[in-house]
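Participant: My structure file data37.tsv, TSV, C-alpha atoms, is below:
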chain	number	residue	atom	x	y	z
A	1	MET	CA	85.23	205.25	67.69
A	2	PRO	CA	82.81	206.14	64.86
A	3	PHE	CA	81.22	203.46	62.77
A	4	LYS	CA	82.74	202.64	59.41
A	5	ARG	CA	80.45	199.93	58.03
A	6	TYR	CA	76.89	201.04	57.49
A	7	VAL	CA	73.81	199.23	56.37
A	8	GLU	CA	73.07	200.98	53.10
A	9	ILE	CA	71.95	200.11	49.62
A	10	GLY	CA	74.89	198.49	47.90
A	11	ARG	CA	76.68	197.24	51.01
A	12	VAL	CA	78.20	193.81	50.51
A	13	ALA	CA	77.68	191.46	53.42
A	14	LEU	CA	78.59	187.91	54.33
A	15	VAL	CA	75.91	185.54	55.55
A	16	ASN	CA	77.08	184.12	58.87
A	17	TYR	CA	74.19	181.84	59.88
A	18	GLY	CA	71.65	179.60	58.34
A	19	LYS	CA	71.15	177.95	55.02
A	20	GLU	CA	73.05	180.53	53.00
A	21	TYR	CA	76.08	180.47	55.27
A	22	GLY	CA	79.25	181.76	53.68
A	23	ARG	CA	77.60	183.52	50.77
A	24	LEU	CA	78.39	187.09	49.76
A	25	VAL	CA	75.21	189.11	49.26
A	26	VAL	CA	74.41	192.71	48.47
A	27	ILE	CA	71.88	194.71	50.47
A	28	VAL	CA	69.48	196.11	47.90
A	29	ASP	CA	66.87	197.57	50.23
A	30	VAL	CA	65.95	197.85	53.87
A	31	ILE	CA	62.59	196.42	54.91
A	32	ASP	CA	62.57	197.59	58.48
A	33	GLN	CA	64.77	197.81	61.53
A	34	ASN	CA	65.72	194.16	61.51
A	35	ARG	CA	65.49	192.95	57.94
A	36	ALA	CA	67.03	193.74	54.61
A	37	LEU	CA	66.26	192.68	51.10
A	38	VAL	CA	69.40	190.98	49.83
A	39	ASP	CA	70.43	189.79	46.44
A	40	ALA	CA	73.32	187.92	44.88
A	41	PRO	CA	73.98	186.97	41.26
A	42	ASP	CA	73.14	183.32	41.80
A	43	MET	CA	70.25	183.46	44.22
A	44	VAL	CA	66.66	184.60	44.32
A	45	ARG	CA	66.24	188.00	45.88
A	46	GLY	CA	64.94	187.54	49.42
A	47	GLN	CA	64.76	188.99	52.85
A	48	MET	CA	67.29	188.39	55.56
A	49	ASN	CA	67.63	189.43	59.17
A	50	PHE	CA	70.59	191.66	59.98
A	51	LYS	CA	71.57	189.18	62.66
A	52	ARG	CA	72.52	186.78	59.91
A	53	LEU	CA	74.69	189.28	58.06
A	54	SER	CA	78.25	190.42	58.70
A	55	LEU	CA	78.88	193.70	56.93
A	56	THR	CA	82.07	194.01	54.89
A	57	ASP	CA	84.02	197.05	53.78
A	58	ILE	CA	82.92	196.68	50.19
A	59	LYS	CA	80.15	198.86	48.83
A	60	ILE	CA	78.88	199.00	45.28
A	61	ASP	CA	76.95	201.70	43.49
A	62	ILE	CA	73.41	200.55	42.73
A	63	PRO	CA	69.98	202.16	42.72
A	64	ARG	CA	67.36	200.87	45.11
A	65	VAL	CA	66.35	197.29	44.21
A	66	PRO	CA	68.11	196.99	40.88
A	67	LYS	CA	67.32	194.43	38.21
A	68	LYS	CA	69.46	191.33	38.28
A	69	LYS	CA	71.38	192.43	35.19
A	70	THR	CA	72.12	195.85	36.69
A	71	LEU	CA	73.28	194.21	39.88
A	72	ILE	CA	75.61	191.82	38.09
A	73	SER	CA	77.13	194.58	35.96
A	74	ALA	CA	77.58	196.82	39.02
A	75	MET	CA	79.31	193.98	40.83
A	76	GLU	CA	81.61	193.46	37.86
A	77	ALA	CA	82.35	197.18	37.69
A	78	ALA	CA	83.24	197.35	41.37
A	79	ASP	CA	85.16	194.07	41.05
A	80	VAL	CA	83.65	192.68	44.23
A	81	LYS	CA	84.93	189.15	43.75
A	82	ASN	CA	88.59	190.15	43.45
A	83	LYS	CA	88.40	192.77	46.18
A	84	TRP	CA	86.92	190.17	48.50
A	85	GLU	CA	89.43	187.47	47.67
A	86	ASN	CA	92.35	189.87	48.14
A	87	SER	CA	91.09	191.28	51.42
A	88	SER	CA	92.52	189.72	54.57
A	89	TRP	CA	89.08	188.52	55.66
A	90	GLY	CA	88.42	186.89	52.30
A	91	ARG	CA	91.85	185.28	52.19
A	92	LYS	CA	91.38	183.83	55.66
A	93	LEU	CA	88.10	182.23	54.62
A	94	ILE	CA	89.69	180.71	51.55
A	95	VAL	CA	92.50	179.22	53.65
A	96	GLN	CA	89.99	177.87	56.16
A	97	LYS	CA	88.05	176.21	53.39
A	98	ARG	CA	91.18	174.69	51.91
A	99	ARG	CA	92.30	173.33	55.25
A	100	ALA	CA	88.92	171.79	55.91
A	101	SER	CA	88.96	170.01	52.57
A	102	LEU	CA	92.37	168.34	52.97
A	103	ASN	CA	92.54	164.57	52.87
A	104	ASP	CA	94.98	162.51	54.92
A	105	PHE	CA	97.70	162.52	52.27
A	106	ASP	CA	97.43	166.31	51.98
A	107	ARG	CA	97.77	166.65	55.72
A	108	PHE	CA	100.86	164.45	55.58
A	109	LYS	CA	102.32	166.74	52.91
A	110	VAL	CA	101.49	169.77	55.05
A	111	MET	CA	103.28	168.18	58.01
A	112	LEU	CA	106.41	167.60	55.95
A	113	ALA	CA	106.28	171.14	54.57
A	114	LYS	CA	105.91	172.59	58.07
A	115	ILE	CA	108.91	170.59	59.32
A	116	LYS	CA	110.96	171.74	56.35
A	117	ARG	CA	109.99	175.37	56.91
A	118	GLY	CA	110.76	175.10	60.63
A	119	GLY	CA	114.16	173.64	59.80
A	120	ALA	CA	115.00	176.44	57.37
A	121	ILE	CA	113.96	179.10	59.91
A	122	ARG	CA	116.06	177.53	62.62
A	123	GLN	CA	119.10	177.36	60.32
A	124	GLU	CA	118.81	181.09	59.54
A	125	LEU	CA	118.35	181.85	63.22
A	126	ALA	CA	121.44	179.85	64.12
A	127	LYS	CA	123.44	181.71	61.45
A	128	LEU	CA	122.27	185.08	62.80
A	129	LYS	CA	123.07	184.05	66.36
A	130	LYS	CA	126.60	183.02	65.34
A	131	GLU	CA	127.14	186.36	63.57
A	132	ASN	CA	125.91	188.23	66.63
A	133	ALA	CA	128.09	186.28	69.01
A	134	ALA	CA	131.15	186.76	66.87
B	135	MET	CA	62.01	179.56	32.81
B	136	LYS	CA	63.74	180.08	36.11
B	137	LEU	CA	60.50	181.09	37.80
B	138	PHE	CA	59.25	177.82	39.25
B	139	SER	CA	62.55	176.25	40.16
B	140	ARG	CA	63.22	179.02	42.68
B	141	ARG	CA	63.23	178.06	46.30
B	142	ARG	CA	61.16	180.39	48.43
B	143	PHE	CA	63.07	180.29	51.66
B	144	ASP	CA	60.88	182.67	53.61
B	145	MET	CA	57.43	181.45	52.58
B	146	VAL	CA	57.18	178.13	54.33
B	147	ALA	CA	57.59	179.51	57.81
B	148	PHE	CA	54.23	181.34	57.84
B	149	ARG	CA	51.73	180.31	60.43
B	150	PHE	CA	48.82	182.14	58.84
B	151	HIS	CA	47.88	181.42	55.27
B	152	GLN	CA	45.52	183.48	53.18
B	153	TYR	CA	42.59	181.61	51.70
B	154	GLN	CA	39.80	182.54	49.34
B	155	VAL	CA	36.61	180.72	50.33
B	156	VAL	CA	33.59	180.77	48.04
B	157	GLY	CA	30.28	179.50	49.29
B	158	ARG	CA	26.54	179.82	49.11
B	159	ALA	CA	23.37	178.57	50.69
B	160	LEU	CA	22.11	175.27	49.38
B	161	PRO	CA	19.56	175.65	46.57
B	162	THR	CA	16.02	175.11	47.79
B	163	ALA	CA	12.64	175.03	46.15
B	164	ALA	CA	12.15	178.67	47.12
B	165	ASP	CA	15.53	179.84	45.83
B	166	GLU	CA	16.96	177.91	42.90
B	167	HIS	CA	20.13	179.99	42.49
B	168	PRO	CA	21.24	181.45	45.79
B	169	LYS	CA	23.79	184.22	45.80
B	170	ILE	CA	27.41	183.14	45.91
B	171	TYR	CA	29.67	184.82	48.40
B	172	ARG	CA	33.42	184.99	48.45
B	173	MET	CA	35.66	185.81	51.40
B	174	LYS	CA	39.36	186.24	51.75
B	175	LEU	CA	40.53	185.31	55.20
B	176	TRP	CA	43.54	184.16	57.20
B	177	ALA	CA	43.73	180.82	58.92
B	178	THR	CA	46.38	178.31	59.81
B	179	ASN	CA	44.90	175.61	57.59
B	180	GLU	CA	42.05	174.96	55.17
B	181	VAL	CA	39.75	173.36	57.71
B	182	ARG	CA	39.95	176.39	59.93
B	183	ALA	CA	39.47	178.65	56.93
B	184	LYS	CA	36.17	177.02	56.08
B	185	SER	CA	35.04	177.25	59.68
B	186	LYS	CA	35.91	180.95	59.79
B	187	PHE	CA	34.06	181.47	56.54
B	188	TRP	CA	30.84	180.15	58.03
B	189	TYR	CA	31.37	182.16	61.19
B	190	PHE	CA	31.55	185.41	59.26
B	191	LEU	CA	28.86	184.51	56.79
B	192	ARG	CA	26.42	183.66	59.56
B	193	LYS	CA	26.88	187.15	60.91
B	194	LEU	CA	26.20	188.74	57.54
B	195	LYS	CA	23.57	186.53	55.91
B	196	LYS	CA	20.93	184.08	57.04
B	197	VAL	CA	22.91	180.96	56.19
B	198	LYS	CA	24.65	178.30	58.24
B	199	LYS	CA	27.05	175.51	57.42
B	200	SER	CA	24.21	173.02	57.71
B	201	ASN	CA	22.21	174.68	54.95
B	202	GLY	CA	25.11	175.92	52.87
B	203	GLN	CA	27.99	174.62	50.83
B	204	VAL	CA	31.55	175.70	50.22
B	205	LEU	CA	32.09	175.82	46.50
B	206	ALA	CA	35.81	176.48	46.42
B	207	ILE	CA	38.68	177.10	48.71
B	208	ASN	CA	42.01	178.23	47.32
B	209	GLU	CA	45.15	179.40	48.98
B	210	ILE	CA	46.29	182.83	47.86
B	211	PHE	CA	50.00	183.33	47.44
B	212	GLU	CA	51.94	186.53	47.22
B	213	ARG	CA	52.25	187.89	43.74
B	214	LYS	CA	55.56	189.70	44.10
B	215	PRO	CA	57.36	188.39	47.18
B	216	THR	CA	60.58	190.18	46.28
B	217	LYS	CA	59.05	193.65	46.38
B	218	ILE	CA	58.87	195.53	49.66
B	219	LYS	CA	55.42	196.91	50.36
B	220	ASN	CA	53.76	198.91	53.08
B	221	TYR	CA	50.71	197.07	54.36
B	222	GLY	CA	47.87	198.69	56.25
B	223	ILE	CA	45.74	196.32	58.32
B	224	TRP	CA	42.40	197.29	59.79
B	225	LEU	CA	41.37	195.00	62.58
B	226	ARG	CA	38.76	194.54	65.28
B	227	TYR	CA	39.96	192.99	68.48
B	228	GLN	CA	38.56	192.07	71.84
B	229	SER	CA	40.33	193.45	74.85
B	230	ARG	CA	39.51	192.66	78.45
B	231	THR	CA	36.96	195.44	78.55
B	232	GLY	CA	35.38	195.47	75.11
B	233	TYR	CA	35.83	195.53	71.36
B	234	HIS	CA	38.05	198.05	69.63
B	235	ASN	CA	39.05	198.88	66.08
B	236	MET	CA	42.60	199.47	65.10
B	237	TYR	CA	44.64	200.41	62.08
B	238	LYS	CA	48.22	199.20	61.92
B	239	GLU	CA	50.94	199.54	59.33
B	240	TYR	CA	53.68	197.08	58.52
B	241	ARG	CA	56.53	197.01	56.07
B	242	ASP	CA	57.08	193.58	54.59
B	243	THR	CA	57.58	191.70	51.36
B	244	THR	CA	54.47	189.54	51.62
B	245	LEU	CA	50.96	190.06	52.99
B	246	ASN	CA	51.18	186.84	54.99
B	247	GLY	CA	54.34	188.16	56.61
B	248	ALA	CA	52.64	191.42	57.52
B	249	VAL	CA	49.64	189.60	58.99
B	250	GLU	CA	51.97	187.40	61.01
B	251	GLN	CA	53.74	190.54	62.28
B	252	MET	CA	50.37	191.96	63.21
B	253	TYR	CA	49.35	188.92	65.22
B	254	ASN	CA	52.67	188.90	67.02
B	255	GLU	CA	52.52	192.61	67.75
B	256	MET	CA	48.95	192.47	69.04
B	257	ALA	CA	49.90	189.59	71.31
B	258	SER	CA	52.91	191.38	72.71
B	259	ARG	CA	51.63	194.95	72.92
B	260	HIS	CA	48.02	194.33	73.88
B	261	ARG	CA	48.00	190.73	75.13
B	262	VAL	CA	45.38	189.87	72.51
B	263	ARG	CA	45.37	186.25	71.37
B	264	HIS	CA	44.83	185.46	67.74
B	265	HIS	CA	41.29	184.15	68.12
B	266	CYS	CA	40.19	187.52	69.50
B	267	ILE	CA	41.34	189.35	66.39
B	268	GLN	CA	39.24	189.84	63.27
B	269	ILE	CA	40.92	191.29	60.22
B	270	ILE	CA	38.53	193.72	58.63
B	271	LYS	CA	40.60	194.81	55.70
B	272	THR	CA	44.14	194.78	54.40
B	273	ALA	CA	45.64	196.96	51.73
B	274	THR	CA	48.95	197.84	50.17
B	275	ILE	CA	49.56	201.46	50.95
B	276	PRO	CA	51.67	203.65	48.69
B	277	SER	CA	54.47	205.40	50.57
B	278	LYS	CA	52.80	208.81	50.42
B	279	LEU	CA	49.74	207.67	52.30
B	280	CYS	CA	51.43	205.90	55.18
B	281	LYS	CA	50.45	207.28	58.53
B	282	ARG	CA	52.82	205.74	61.02
B	283	GLU	CA	56.26	207.21	61.66
B	284	SER	CA	57.78	203.79	62.21
B	285	THR	CA	57.05	202.79	58.60
B	286	LYS	CA	57.68	206.25	57.16
B	287	GLN	CA	61.21	206.37	58.52
B	288	PHE	CA	62.22	203.66	56.04
B	289	HIS	CA	60.95	205.58	53.03
B	290	ASP	CA	64.39	206.89	52.29
B	291	SER	CA	66.22	205.92	49.15
B	292	LYS	CA	69.56	206.80	50.75
B	293	ILE	CA	68.92	205.00	53.98
B	294	LYS	CA	72.05	204.41	55.99
B	295	PHE	CA	72.59	203.29	59.54
B	296	PRO	CA	75.23	201.34	61.40
B	297	LEU	CA	74.61	198.08	63.16
B	298	VAL	CA	75.56	198.97	66.65
B	299	PHE	CA	75.79	195.68	68.47
B	300	LYS	CA	77.26	192.58	66.89
B	301	LYS	CA	75.81	189.40	68.30
B	302	VAL	CA	78.51	186.73	68.30
B	303	ARG	CA	76.91	183.44	67.30
B	304	PRO	CA	78.31	180.09	66.26
B	305	PRO	CA	77.23	179.42	62.66
B	306	THR	CA	75.26	176.32	63.59
B	307	ARG	CA	73.46	175.26	66.75
B	308	LYS	CA	75.71	172.20	66.93
B	309	LEU	CA	78.77	174.35	67.62
B	310	LYS	CA	77.15	176.01	70.62
B	311	THR	CA	79.09	175.55	73.88
B	312	THR	CA	78.30	176.63	77.41
B	313	TYR	CA	81.74	178.06	78.07
B	314	LYS	CA	84.00	180.07	75.79
B	315	ALA	CA	87.70	180.68	76.17
B	316	SER	CA	87.60	184.43	75.61
B	317	ARG	CA	85.17	187.31	75.84
B	318	PRO	CA	83.51	188.25	72.57
B	319	ASN	CA	84.20	191.45	70.66
B	320	LEU	CA	80.84	193.17	70.25
B	321	PHE	CA	81.96	195.99	67.96
B	322	MET	CA	80.75	195.55	64.40
How does this structure look as structure tokens?
Facilitator:
Amino acid sequence: MPFKRYVEIGRVALVNYGKEYGRLVVIVDVIDQNRALVDAPDMVRGQMNFKRLSLTDIKIDIPRVPKKKTLISAMEAADVKNKWENSSWGRKLIVQKRRASLNDFDRFKVMLAKIKRGGAIRQELAKLKKENAA
Amino acid sequence: MKLFSRRRFDMVAFRFHQYQVVGRALPTAADEHPKIYRMKLWATNEVRAKSKFWYFLRKLKKVKKSNGQVLAINEIFERKPTKIKNYGIWLRYQSRTGYHNMYKEYRDTTLNGAVEQMYNEMASRHRVRHHCIQIIKTATIPSKLCKRESTKQFHDSKIKFPLVFKKVRPPTRKLKTTYKASRPNLFM
């Protein structure tokens, strides 16, 4: 199977280890075989090892090592934030974060909602079974 | 305004710091104003930097620590740590059979990082420990004048390559376990 996600200038990546865990960054230049210069709108441009990055499908159009303003406007133009939050990977991360931040009352509410949903599904199933049998 | 509140997350991990040491012989009756010499060198701390300064100065001039004084010692920090540069390092090292000179090139954002890469590479490729290495000269090389293929291959504004092997890691060391329920998927 050929590769679809390449390390290239403008590739959006997710940091998967270390202090900046969970942050979306853009690769603005490649230092050498193991490191890239990464940048994000709210962080100082710095180097990062590729082992700490998970490449995403999103790529934006920027020149090599753009100024912060150019980077921000390119990210707005490509609509990175919305694309990420609507992608299945991005949605999963949002759900994970929400679940981790529930308090006990929220978890109680979730339990009740799950029971209710299970009950509704079983009712529909019973109806379908009866129609099939008849 | 934002300049000094930035957190430099890659600077603190350097083992070798660059110092500027300025010193001279002590003034005597014969020589009221001895010449002042300045050296830029790499050491792990200031004490070692001063010691190295006297080591090199002894070899160049007739002055020792006992009849000299260090006038200033300052740490030199990288001017533009967000800019990628090609560094050329000229060094003299001692192998098991004699002294040799070498020229090596590194691509890095800071000079301290390149020097650290050099020490690591010399240790791994030539088994040379850091006290057997003397840095003769360092310079930032413009891309046109780089000599080594391994640095020149990154001088491509449309560089593009896939990451072939995805290392599956837990996001923190705390979540590391000896056994996992399923085999990892190594495809990126």
Participant: List as a PyMOL selection string the protein and nucleic acid residues near Thr216 of chain B, meaning an atom at most 8 Å away when only C-alpha atoms are counted, but skip any in the same chain fewer than 3 places from it.
Facilitator: (chain A and resi 37+45-47) or (chain B and resi 243)
Participant: Find the spatial neighbours of Val28 of chain A, counting all atoms listed in the file, within a cut-off of 7 Å - ignore same-chain residues fewer than 4 positions away - and output them as a PyMOL selection string.
Facilitator: chain A and resi 9-10+37-39+64-65
Participant: Extract, using only C-alpha atoms, all DNA, RNA and protein residues at most 12 Å from Pro2 of chain A, discarding same-chain residues fewer than 5 positions from it, and format them as a list in words.
Facilitator: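 So, after excluding close chain neighbours, the residues are Phe295, Pro296, Leu297, Val298, Phe321 and Met322 of chain B.
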Participant: Find the residue from A:Glu124, A:Ala100, A:Leu24, A:Asn132 that sits nearest to Asp42 of chain A; use only C-alpha atoms when measuring.
Facilitator: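 Of all the options, A:Leu24 lies closest to Asp42 of chain A.
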Participant: Chain A residues within 10 Å of chain B, counting all atoms listed in the file: which ones, as a ChimeraX atom specification?
Facilitator: /A:1-9,11,15-19,21-22,29-39,43-48,50-56,63-65
Participant: Counting all atoms listed in the file, find residues at most 12 Å from (39.7, 193.1, 69.1) (file frame) and give them as a ChimeraX atom specification.
Facilitator: /B:224-237,253,256-257,260-270
Participant: Convert the current residue selection to file output with C-alpha atoms, as a tab-separated table (two decimals), in the frame of the given file.
Facilitator:
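So part09.tsv came out as:
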chain	number	residue	atom	x	y	z
B	224	TRP	CA	42.40	197.29	59.79
B	225	LEU	CA	41.37	195.00	62.58
B	226	ARG	CA	38.76	194.54	65.28
B	227	TYR	CA	39.96	192.99	68.48
B	228	GLN	CA	38.56	192.07	71.84
B	229	SER	CA	40.33	193.45	74.85
B	230	ARG	CA	39.51	192.66	78.45
B	231	THR	CA	36.96	195.44	78.55
B	232	GLY	CA	35.38	195.47	75.11
B	233	TYR	CA	35.83	195.53	71.36
B	234	HIS	CA	38.05	198.05	69.63
B	235	ASN	CA	39.05	198.88	66.08
B	236	MET	CA	42.60	199.47	65.10
B	237	TYR	CA	44.64	200.41	62.08
B	253	TYR	CA	49.35	188.92	65.22
B	256	MET	CA	48.95	192.47	69.04
B	257	ALA	CA	49.90	189.59	71.31
B	260	HIS	CA	48.02	194.33	73.88
B	261	ARG	CA	48.00	190.73	75.13
B	262	VAL	CA	45.38	189.87	72.51
B	263	ARG	CA	45.37	186.25	71.37
B	264	HIS	CA	44.83	185.46	67.74
B	265	HIS	CA	41.29	184.15	68.12
B	266	CYS	CA	40.19	187.52	69.50
B	267	ILE	CA	41.34	189.35	66.39
B	268	GLN	CA	39.24	189.84	63.27
B	269	ILE	CA	40.92	191.29	60.22
B	270	ILE	CA	38.53	193.72	58.63
Participant: Atom CA of Glu209 of chain B and atom CA of His167 of chain B are how many Å apart?
Facilitator: 25.9 Å
Participant: Between B:Ala273, B:Leu191, B:Val155, B:Ala315, single out the one closest to Ala177 of chain B, counting all atoms listed in the file.
Facilitator: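 Closest candidate: B:Val155.
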Participant: Between atom CA of Phe187 of chain B and atom CA of Gln203 of chain B, what is the spacing in Å?
Facilitator: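 It comes out at 10.8 Å.
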Participant: Which distance in Å separates atom CA of Lys199 of chain B and atom CA of Leu160 of chain B, to one decimal?
Facilitator: 9.4 Å
